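Structure data follow from input.txt (compact mmCIF, C-alpha atoms):
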```
# COMPACT_ATOMS: atom_id res chain seq x y z
CA MET A 134 0.00 0.00 0.00
CA ASN A 135 1.37 3.42 -0.99
CA ILE A 136 0.93 5.99 1.78
CA ALA A 137 1.65 9.67 1.24
CA LYS A 138 4.49 11.10 3.31
CA PRO A 139 3.63 14.34 5.15
CA ASN A 140 5.61 17.56 4.90
CA SER A 141 6.23 17.23 8.63
CA TYR A 142 5.83 14.15 10.81
CA ARG A 143 5.18 16.48 13.76
CA SER A 144 2.16 18.34 12.40
CA GLY A 145 -0.56 15.88 13.42
CA PRO A 146 -3.23 15.24 14.38
CA ASP A 147 -5.80 17.01 12.20
CA ASP A 148 -8.66 19.04 13.70
CA ARG A 149 -10.63 15.87 14.51
CA GLY A 150 -7.72 14.11 16.15
CA HIS A 151 -6.72 11.84 13.28
CA PHE A 152 -3.20 10.67 12.49
CA GLY A 153 -3.83 9.41 8.96
CA ASN A 154 -6.42 6.65 9.40
CA PHE A 155 -5.86 6.40 13.16
CA GLY A 156 -6.98 8.21 16.30
CA GLY A 157 -10.28 10.14 16.44
CA ARG A 158 -12.74 10.03 19.32
CA PHE A 159 -15.17 7.13 19.72
CA VAL A 160 -16.88 7.87 23.05
CA ALA A 161 -20.30 7.84 24.69
CA GLU A 162 -22.41 10.90 23.95
CA THR A 163 -22.31 11.70 27.69
CA LEU A 164 -18.57 12.29 27.49
CA MET A 165 -18.47 14.50 24.40
CA PRO A 166 -19.05 17.82 26.26
CA LEU A 167 -16.16 17.06 28.64
CA ILE A 168 -13.89 15.94 25.80
CA LEU A 169 -14.59 19.21 24.00
CA ASP A 170 -14.05 21.19 27.24
CA LEU A 171 -10.73 19.41 27.75
CA GLU A 172 -9.59 20.23 24.21
CA LYS A 173 -10.55 23.87 24.73
CA ALA A 174 -8.79 24.03 28.13
CA TYR A 175 -5.62 22.44 26.74
CA THR A 176 -5.50 24.79 23.74
CA ALA A 177 -5.82 27.79 26.10
CA ALA A 178 -3.21 26.41 28.54
CA LYS A 179 -0.64 25.91 25.76
CA ALA A 180 -0.92 29.59 24.89
CA ASP A 181 -0.87 30.80 28.51
CA PRO A 182 2.61 31.88 29.71
CA ALA A 183 1.46 31.63 33.35
CA PHE A 184 0.48 27.96 32.90
CA GLN A 185 3.73 27.14 31.10
CA GLY A 186 5.79 29.01 33.70
CA ALA A 187 4.13 27.25 36.61
CA MET A 188 4.57 23.86 34.94
CA ASN A 189 8.24 24.49 34.18
CA GLY A 190 8.76 25.44 37.83
CA TYR A 191 7.24 22.18 39.08
CA LEU A 192 9.19 20.15 36.49
CA LYS A 193 12.45 21.64 37.76
CA ASN A 194 11.86 21.84 41.49
CA TYR A 195 9.38 19.02 42.19
CA VAL A 196 10.04 16.42 39.45
CA GLY A 197 13.80 17.08 39.30
CA ARG A 198 14.27 17.81 35.61
CA PRO A 199 16.26 17.82 33.45
CA SER A 200 16.96 14.10 33.76
CA PRO A 201 20.58 13.18 32.92
CA LEU A 202 21.77 11.78 29.59
CA TYR A 203 24.26 9.18 30.79
CA PHE A 204 27.01 7.46 28.77
CA ALA A 205 26.75 3.74 29.55
CA GLU A 206 30.45 3.03 29.21
CA ARG A 207 30.54 -0.58 30.41
CA LEU A 208 27.45 -1.58 28.40
CA THR A 209 29.05 0.01 25.32
CA GLU A 210 32.33 -1.88 25.90
CA HIS A 211 30.46 -5.14 26.48
CA LEU A 212 28.36 -4.96 23.33
CA GLY A 213 30.87 -3.27 21.01
CA GLY A 214 29.74 -1.00 18.19
CA ALA A 215 27.47 1.96 18.98
CA LYS A 216 28.14 4.38 21.80
CA ILE A 217 25.14 3.92 24.11
CA TYR A 218 23.54 6.72 26.13
CA LEU A 219 20.72 6.24 28.65
CA LYS A 220 18.09 8.97 29.10
CA ARG A 221 17.58 8.61 32.86
CA GLU A 222 13.81 9.09 33.26
CA GLU A 223 13.88 6.63 36.16
CA LEU A 224 15.55 9.36 38.25
CA ASN A 225 12.45 11.56 38.14
CA HIS A 226 10.41 11.94 41.33
CA THR A 227 8.15 8.82 41.54
CA GLY A 228 10.67 6.79 39.50
CA SER A 229 9.49 7.01 35.91
CA HIS A 230 8.59 9.26 32.98
CA LYS A 231 4.90 9.08 33.96
CA VAL A 232 5.14 12.11 36.24
CA ASN A 233 5.77 14.49 33.27
CA ASN A 234 2.33 13.82 31.82
CA VAL A 235 0.49 13.53 35.12
CA LEU A 236 1.75 16.94 36.24
CA GLY A 237 0.38 18.50 33.05
CA GLN A 238 -3.00 16.77 33.32
CA ILE A 239 -3.43 17.57 37.02
CA MET A 240 -2.70 21.21 36.29
CA LEU A 241 -5.34 21.08 33.53
CA ALA A 242 -7.80 19.45 35.93
CA ARG A 243 -7.29 22.25 38.45
CA ARG A 244 -7.72 24.81 35.66
CA MET A 245 -11.05 23.12 34.79
CA GLY A 246 -12.18 23.09 38.44
CA LYS A 247 -12.18 19.29 38.80
CA LYS A 248 -11.67 18.00 42.34
CA ARG A 249 -11.83 14.22 41.75
CA ILE A 250 -9.16 12.45 39.70
CA ILE A 251 -9.40 8.90 38.34
CA ALA A 252 -6.68 6.91 36.61
CA GLU A 253 -5.88 3.40 35.42
CA THR A 254 -2.54 1.72 35.84
CA GLY A 255 -0.75 -1.48 34.86
CA ALA A 256 2.71 -1.54 36.41
CA GLY A 257 1.60 1.07 38.93
CA GLN A 258 3.99 3.85 37.85
CA HIS A 259 1.19 5.98 36.36
CA GLY A 260 -0.91 5.30 39.44
CA VAL A 261 1.91 6.33 41.76
CA ALA A 262 2.53 9.52 39.78
CA THR A 263 -1.20 10.36 39.86
CA ALA A 264 -1.48 9.64 43.59
CA THR A 265 1.61 11.77 44.21
CA LEU A 266 0.35 14.83 42.32
CA CYS A 267 -3.12 14.48 43.87
CA ALA A 268 -1.50 14.48 47.32
CA ARG A 269 0.55 17.53 46.35
CA PHE A 270 -2.52 19.49 45.24
CA GLY A 271 -5.09 18.08 47.72
CA LEU A 272 -7.30 16.22 45.22
CA GLU A 273 -9.32 13.02 45.66
CA CYS A 274 -7.66 10.13 43.77
CA VAL A 275 -9.09 6.78 42.64
CA VAL A 276 -6.86 4.35 40.72
CA TYR A 277 -8.22 1.32 38.82
CA MET A 278 -5.80 -1.60 38.55
CA GLY A 279 -6.26 -5.17 37.30
CA ALA A 280 -6.31 -7.70 40.13
CA VAL A 281 -3.43 -9.63 38.52
CA ASP A 282 -1.36 -6.44 38.42
CA VAL A 283 -2.28 -5.66 42.05
CA GLU A 284 -0.65 -8.96 42.97
CA ARG A 285 2.51 -8.60 40.87
CA GLN A 286 3.08 -4.91 41.63
CA GLN A 287 2.50 -4.84 45.40
CA PRO A 288 5.25 -2.24 46.14
CA ASN A 289 3.46 0.32 43.97
CA VAL A 290 0.04 -0.54 45.41
CA ILE A 291 1.40 0.17 48.88
CA ARG A 292 2.93 3.45 47.67
CA MET A 293 -0.37 4.62 46.15
CA GLU A 294 -2.29 3.83 49.34
CA MET A 295 0.32 5.60 51.48
CA LEU A 296 -0.12 8.67 49.27
CA GLY A 297 -3.84 8.67 50.03
CA ALA A 298 -5.23 7.10 46.84
CA LYS A 299 -8.00 4.50 46.74
CA VAL A 300 -6.80 1.52 44.65
CA VAL A 301 -9.69 -0.45 43.10
CA PRO A 302 -8.75 -4.02 42.00
CA VAL A 303 -10.55 -4.91 38.75
CA GLN A 304 -11.73 -8.53 38.59
CA SER A 305 -13.20 -8.59 35.06
CA GLY A 306 -11.58 -9.98 31.89
CA THR A 307 -7.90 -10.81 32.15
CA ARG A 308 -7.69 -8.55 35.24
CA THR A 309 -4.92 -6.45 33.69
CA LEU A 310 -4.48 -2.96 32.18
CA LYS A 311 -7.17 -3.23 29.46
CA ASP A 312 -9.80 -4.12 32.06
CA ALA A 313 -8.62 -1.35 34.40
CA MET A 314 -9.08 1.15 31.56
CA ASN A 315 -12.62 -0.21 30.90
CA GLU A 316 -13.56 0.37 34.54
CA ALA A 317 -12.05 3.85 34.59
CA LEU A 318 -14.12 4.79 31.52
CA ARG A 319 -17.30 3.49 33.24
CA ASP A 320 -16.51 5.60 36.30
CA TRP A 321 -15.93 8.65 34.10
CA VAL A 322 -19.29 8.28 32.33
CA THR A 323 -21.04 8.00 35.72
CA ASN A 324 -19.25 10.90 37.43
CA VAL A 325 -18.51 13.19 34.50
CA HIS A 326 -19.74 16.30 36.37
CA ASN A 327 -16.87 16.40 38.89
CA THR A 328 -14.25 13.93 37.63
CA PHE A 329 -11.12 14.29 35.48
CA TYR A 330 -9.77 11.11 33.85
CA CYS A 331 -5.96 11.22 33.89
CA ILE A 332 -4.94 8.85 31.06
CA GLY A 333 -1.43 7.47 31.34
CA THR A 334 -0.44 6.91 27.73
CA VAL A 335 -0.75 8.28 24.20
CA ALA A 336 -4.09 6.52 23.64
CA GLY A 337 -7.77 7.21 24.23
CA PRO A 338 -10.06 9.72 22.51
CA HIS A 339 -8.71 12.97 21.06
CA PRO A 340 -7.18 15.13 22.55
CA TYR A 341 -5.52 12.65 24.97
CA PRO A 342 -2.94 11.16 22.52
CA THR A 343 -1.87 14.69 21.61
CA LEU A 344 -1.68 16.25 25.05
CA VAL A 345 0.11 13.23 26.58
CA ARG A 346 2.61 13.34 23.70
CA ASP A 347 3.16 17.06 24.19
CA PHE A 348 3.71 16.71 27.96
CA GLN A 349 6.17 13.84 27.37
CA SER A 350 8.07 15.57 24.55
CA ILE A 351 10.27 17.18 27.19
CA ILE A 352 12.20 13.86 27.08
CA GLY A 353 13.20 14.29 23.44
CA ASN A 354 13.70 18.05 23.68
CA GLU A 355 16.15 17.61 26.55
CA THR A 356 17.90 14.77 24.73
CA LYS A 357 18.49 16.99 21.69
CA THR A 358 20.03 19.73 23.80
CA GLN A 359 22.10 17.37 25.93
CA MET A 360 23.49 15.40 22.99
CA GLN A 361 24.53 18.64 21.29
CA GLU A 362 26.32 19.68 24.50
CA ILE A 363 28.06 16.30 24.96
CA GLU A 364 28.81 15.18 21.38
CA GLY A 365 28.13 18.30 19.32
CA ARG A 366 25.57 16.63 17.06
CA LEU A 367 22.29 14.72 16.95
CA PRO A 368 22.14 11.05 17.97
CA ASP A 369 22.12 8.50 15.14
CA SER A 370 19.42 6.29 16.64
CA LEU A 371 16.76 6.21 19.36
CA VAL A 372 15.32 3.13 21.09
CA ALA A 373 12.35 2.92 23.50
CA CYS A 374 9.87 0.31 24.71
CA ILE A 375 6.20 0.54 23.78
CA GLY A 376 3.00 -0.56 25.46
CA GLY A 377 0.64 2.32 24.79
CA GLY A 378 3.81 4.20 23.89
CA SER A 379 4.05 7.43 25.94
CA ASN A 380 7.73 7.28 26.86
CA ALA A 381 8.60 6.35 23.28
CA MET A 382 6.53 9.15 21.77
CA GLY A 383 8.07 11.60 24.23
CA LEU A 384 11.57 10.69 23.06
CA PHE A 385 10.74 10.25 19.37
CA HIS A 386 8.54 13.23 18.56
CA PRO A 387 11.14 16.03 18.62
CA PHE A 388 13.31 13.94 16.23
CA LEU A 389 10.66 12.86 13.71
CA ASP A 390 11.68 15.52 11.16
CA ASP A 391 15.41 14.72 11.48
CA PRO A 392 15.86 12.14 8.69
CA SER A 393 19.38 11.15 9.82
CA VAL A 394 17.98 9.73 13.08
CA GLU A 395 16.91 6.07 13.01
CA ILE A 396 14.02 5.37 15.40
CA PHE A 397 13.11 2.00 16.95
CA GLY A 398 10.08 1.16 19.11
CA VAL A 399 10.11 -2.16 20.95
CA GLU A 400 6.88 -4.02 21.67
CA ALA A 401 6.47 -6.89 24.14
CA ALA A 402 6.61 -10.27 22.36
CA GLY A 403 5.75 -12.12 25.60
CA HIS A 404 6.12 -15.87 25.11
CA GLY A 405 6.75 -15.30 21.37
CA LEU A 406 4.76 -13.84 18.46
CA THR A 407 3.11 -17.21 17.71
CA GLN A 408 1.96 -17.52 21.35
CA LEU A 409 0.63 -15.07 23.97
CA HIS A 410 2.18 -11.61 23.52
CA ALA A 411 1.40 -7.86 23.59
CA ALA A 412 2.88 -6.79 20.22
CA SER A 413 -0.06 -4.97 18.62
CA ILE A 414 1.76 -3.86 15.46
CA ALA A 415 3.61 -7.14 14.87
CA GLY A 416 0.55 -9.29 15.57
CA GLY A 417 -2.50 -7.04 15.29
CA ARG A 418 -4.60 -5.04 12.85
CA PRO A 419 -6.56 -1.77 12.91
CA GLY A 420 -9.70 -1.56 15.06
CA VAL A 421 -11.39 0.60 17.70
CA LEU A 422 -10.80 0.38 21.46
CA HIS A 423 -10.87 2.85 24.35
CA GLY A 424 -12.00 5.76 22.22
CA ASN A 425 -9.54 5.60 19.31
CA ARG A 426 -8.76 3.65 16.13
CA THR A 427 -5.39 1.96 16.22
CA TYR A 428 -3.58 -1.37 15.86
CA LEU A 429 -5.10 -3.96 18.21
CA LEU A 430 -4.79 -7.65 19.00
CA MET A 431 -8.06 -9.13 17.71
CA ASP A 432 -9.42 -12.54 16.76
CA ALA A 433 -11.05 -13.34 13.40
CA ASP A 434 -14.41 -12.00 14.68
CA GLY A 435 -12.91 -8.66 15.76
CA GLN A 436 -12.98 -9.48 19.48
CA ILE A 437 -10.07 -8.11 21.53
CA GLN A 438 -7.59 -10.88 22.34
CA ASP A 439 -5.77 -11.35 25.62
CA ALA A 440 -2.34 -9.76 25.77
CA HIS A 441 0.61 -11.01 27.76
CA SER A 442 3.92 -9.53 28.86
CA ILE A 443 6.23 -10.18 31.79
CA SER A 444 5.94 -6.41 32.24
CA ALA A 445 2.60 -5.21 33.60
CA GLY A 446 3.17 -1.82 31.97
CA LEU A 447 3.34 -3.34 28.47
CA ASP A 448 0.52 -5.85 28.98
CA TYR A 449 -2.03 -4.06 26.75
CA PRO A 450 -3.64 -5.25 23.47
CA GLY A 451 -3.27 -1.88 21.70
CA ILE A 452 -0.87 0.95 20.95
CA GLY A 453 -1.20 4.72 20.66
CA PRO A 454 -2.71 5.85 17.32
CA GLU A 455 0.24 8.06 16.38
CA HIS A 456 2.51 5.02 16.62
CA SER A 457 0.17 3.13 14.26
CA TRP A 458 0.46 5.98 11.76
CA LEU A 459 4.26 6.23 12.11
CA HIS A 460 4.42 2.51 11.43
CA GLU A 461 2.30 2.77 8.29
CA VAL A 462 4.21 5.76 6.87
CA GLY A 463 7.48 3.98 7.67
CA ARG A 464 9.11 6.65 9.88
CA VAL A 465 9.58 4.40 12.94
CA ASN A 466 10.76 0.79 12.94
CA TYR A 467 8.78 -1.38 15.33
CA LEU A 468 10.57 -4.44 16.75
CA SER A 469 9.65 -6.81 19.56
CA ALA A 470 11.39 -8.53 22.49
CA THR A 471 10.25 -11.63 24.39
CA ASP A 472 9.91 -12.03 28.16
CA ASP A 473 13.15 -14.04 28.26
CA GLU A 474 15.05 -11.42 26.24
CA ALA A 475 13.80 -8.64 28.55
CA LEU A 476 14.77 -10.66 31.62
CA ALA A 477 18.30 -11.17 30.27
CA ALA A 478 18.59 -7.44 29.53
CA PHE A 479 17.29 -6.59 33.03
CA GLN A 480 20.14 -8.61 34.53
CA LEU A 481 22.80 -7.35 32.12
CA LEU A 482 22.18 -3.64 32.73
CA SER A 483 21.99 -4.21 36.49
CA LYS A 484 25.36 -5.98 36.58
CA LEU A 485 27.23 -3.76 34.09
CA GLU A 486 26.00 -0.28 35.03
CA GLY A 487 24.65 -0.62 38.59
CA ILE A 488 21.24 0.47 37.30
CA ILE A 489 18.24 -1.82 37.87
CA PRO A 490 15.78 -0.98 35.08
CA ALA A 491 12.04 -1.57 35.12
CA LEU A 492 10.96 -4.55 33.03
CA GLU A 493 9.41 -2.14 30.52
CA PRO A 494 12.67 -0.46 29.34
CA ALA A 495 14.45 -3.81 29.70
CA HIS A 496 12.63 -4.67 26.44
CA ALA A 497 14.37 -1.71 24.78
CA ILE A 498 17.74 -2.75 26.22
CA ALA A 499 17.14 -6.25 24.79
CA LYS A 500 16.98 -4.82 21.25
CA VAL A 501 19.99 -2.57 21.92
CA MET A 502 21.88 -5.79 22.59
CA GLU A 503 21.10 -6.77 18.96
CA LEU A 504 21.36 -3.37 17.28
CA ALA A 505 24.44 -1.82 18.90
CA PRO A 506 27.04 -4.45 17.86
CA LYS A 507 25.99 -3.96 14.20
CA ARG A 508 26.67 -0.20 14.27
CA PRO A 509 30.08 1.56 13.97
CA ARG A 510 31.83 2.93 17.06
CA ASP A 511 31.01 6.54 16.20
CA HIS A 512 27.26 5.75 16.09
CA LEU A 513 25.40 7.50 18.93
CA MET A 514 22.46 5.48 20.28
CA VAL A 515 20.03 6.80 22.92
CA VAL A 516 17.83 4.45 24.97
CA ASN A 517 15.00 5.81 27.06
CA LEU A 518 15.28 4.31 30.53
CA SER A 519 11.67 5.06 31.32
CA GLY A 520 11.42 3.56 34.81
CA ARG A 521 13.41 2.03 37.64
CA GLY A 522 13.10 -1.61 38.63
CA ASP A 523 12.31 -1.42 42.34
CA LYS A 524 8.72 -2.45 41.65
CA ASP A 525 9.84 -5.46 39.61
CA VAL A 526 12.52 -6.83 41.95
CA PRO A 527 10.18 -9.19 43.88
CA GLN A 528 8.69 -10.56 40.61
CA VAL A 529 12.09 -11.01 38.94
CA GLY A 530 13.49 -12.61 42.09
CA ASP A 531 10.66 -15.16 42.12
CA ILE A 532 11.19 -15.94 38.41
CA LEU A 533 14.96 -16.35 38.75
CA ARG A 534 14.61 -18.54 41.84
CA GLY A 535 12.11 -20.65 39.91
CA LYS A 536 14.48 -21.02 36.96
CA SER A 537 17.34 -22.13 39.22
CA LYS A 538 15.35 -25.03 40.75
```
What does this structure look like when you write it as structure tokens?
Amino acid sequence: MNIAKPNSYRSGPDDRGHFGNFGGRFVAETLMPLILDLEKAYTAAKADPAFQGAMNGYLKNYVGRPSPLYFAERLTEHLGGAKIYLKREELNHTGSHKVNNVLGQIMLARRMGKKRIIAETGAGQHGVATATLCARFGLECVVYMGAVDVERQQPNVIRMEMLGAKVVPVQSGTRTLKDAMNEALRDWVTNVHNTFYCIGTVAGPHPYPTLVRDFQSIIGNETKTQMQEIEGRLPDSLVACIGGGSNAMGLFHPFLDDPSVEIFGVEAAGHGLTQLHAASIAGGRPGVLHGNRTYLLMDADGQIQDAHSISAGLDYPGIGPEHSWLHEVGRVNYLSATDDEALAAFQLLSKLEGIIPALEPAHAIAKVMELAPKRPRDHLMVVNLSGRGDKDVPQVGDILRGKSK
């Protein structure tokens, strides 16, 4: 299929929230007034110097930005080839990139007069960030989380509750992120008069994919500046993991119109692409879920299939609509890594650099282990280390002890 290339890969979406054939807003009629109010509030906030100034202040003094761009010397020596840099988003307050977006959305919620915040979470990092900002600004917080994820991400459940959030275990479906998002949408429809839905990734009805992308683009903007300061030029390649794809879009977007920069997104191949996995582009096709049209895992009848990943944060049967479009126009290369490959990468980075990554970015590290040795030594490769692995240590410990028996 021939697809027209745009003049700029950064100009989307169109006025109705479409990235090519993807995106849009497929929501209950009840929600349309709030969706339109949100779009109006976001457009006004972007143009308001006071909003931008306040947000920049919190990003610097509360979140701890800019996050470092760190040369991973021992990983580079071990793999050979490309010079590998890690964008250290795991050093942000709350331990992941999620806080960048949540800060922006909570400030929008306050601007709109909303006192009750709901969110969904898989690995718990978005839930922790939401609970943290709600505590900071004195807002009620309810977090929906699949019951399976509640079990495998206990440290983050405890953190959310300590921060004052109500964590609601979701027992329907596969009891993972997709089902948590279903329950959050039901809550939103019921309580639309006083509730703001803080979505954690670049998915959902327009304008969510756009505003989450914009709030996360600070990752790529900082990377551009930092690489110029360190190496005097742009990186040659970027690598990031993808579930819904917010950390990846945040890193990628400022580089989309730089044709010299190769870009790789890494989906979760779970047990393998012929078995249970969460690789929506590699194993899915276009459909509609959670308010937008995008690549989804579906059966022959169009029913959403179960997803699986060792990482709760990637365990989702869809991907953000802008990623679907970037795949179809060929600007971003989408690869996949299995559970075993991510586990090996988790251990390698921990032992070589003294950095325990979350299982989500361990998928990106797994593909770096393949890509970097094939590149020359003057090739500059940036990997987004989107979260730290504290939350995953109990799960990985159980798996490794099981393998050793």
Close residues, stretch 197-200 of chain A itself excluded, 6 Å, only C-alpha atoms, min 5 positions apart in chain, as a PyMOL selection string: chain A and resi 192+221-222+225
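In this comparison, which uses all atoms listed in the file, the residue of A:Ile488, A:Ala415, A:Ala215, A:Ala161 approaching A:His512 most closely is A:Ala215.
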I'd like the contact shell of A:Gly306 - 12 Å cut-off, all atoms listed in the file, skipping same-chain residues fewer than 4 positions apart - returned as a VMD selection string. chain A and resid 279 to 281 310 to 316 437 to 440
Might you pull out every residue within 8 Å of A:Arg158, with only C-alpha atoms counted and same-chain residues fewer than 4 positions away left off, and present them as a list in words?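 Near A:Arg158, the qualifying residues are Arg149, Gly150, Gly337, Pro338, His339, Gly424 and Asn425 of chain A.
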Residue nearest A:Asn324 - candidates A:Thr163, A:Ser141, A:Thr176, A:Asn154, atoms counted: all atoms listed in the file: A:Thr163
How many Å lie between atom CA of A:Val300 and atom CA of A:Cys274, rounded to one decimal?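 Result for atom CA of A:Val300 versus atom CA of A:Cys274: 8.7 Å, one decimal.
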Calculated over all atoms listed in the file, which of the candidates A:Met360, A:Ala412, A:Met245, A:Met293 has the smallest distance to A:Phe329? A:Met245
Counting all atoms listed in the file, which of A:Pro509, A:Gly451, A:Gly522, A:Gly420 gets nearest to A:Leu212?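 Checking each of A:Pro509, A:Gly451, A:Gly522, A:Gly420 against A:Leu212, counting all atoms listed in the file, the winner is A:Pro509.
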Mind checking which residues fall within 10 Å of A:Met295, counting all atoms listed in the file, ignoring those fewer than 4 positions away in the same chain, and posting them as a VMD selection string? chain A and resid 261 264 to 265 268 289 to 291 299
Would you export the selected residues with C-alpha atoms as a short mmCIF file (atom, residue, chain, number, x, y, z; two decimals), in the frame of the given file, please?
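Result saved to part_23.cif:
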```
data_model
loop_
_atom_site.label_atom_id
_atom_site.label_comp_id
_atom_site.auth_asym_id
_atom_site.auth_seq_id
_atom_site.Cartn_x
_atom_site.Cartn_y
_atom_site.Cartn_z
CA VAL A 261 1.91 6.33 41.76
CA ALA A 264 -1.48 9.64 43.59
CA THR A 265 1.61 11.77 44.21
CA ALA A 268 -1.50 14.48 47.32
CA ASN A 289 3.46 0.32 43.97
CA VAL A 290 0.04 -0.54 45.41
CA ILE A 291 1.40 0.17 48.88
CA LYS A 299 -8.00 4.50 46.74
#
```
All residues 7 Å or closer to stretch 394-402 of chain A, all atoms listed in the file, same chain fewer than 6 positions away omitted, as a list of chain:residue names: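 Those residues are A:Pro368, A:Asp369, A:Ser370, A:Leu371, A:Val372, A:Ala373, A:Cys374, A:Ile375, A:Gly376, A:Ala381, A:His410, A:Ala411, A:Ala412, A:Ser442, A:Leu447, A:Val465, A:Asn466, A:Tyr467, A:Leu468, A:Ser469, A:Ala470, A:Thr471, A:Asp472, A:His496, A:Ala497.
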Residue nearest A:Pro288 - candidates A:Gly446, A:Val526, A:Pro419, A:Leu533, atoms counted: all atoms listed in the file: A:Val526
Counting only C-alpha atoms, which of A:Leu224, A:Ile351, A:Cys331, A:Ala242 gets nearest to A:Ser519? A:Leu224
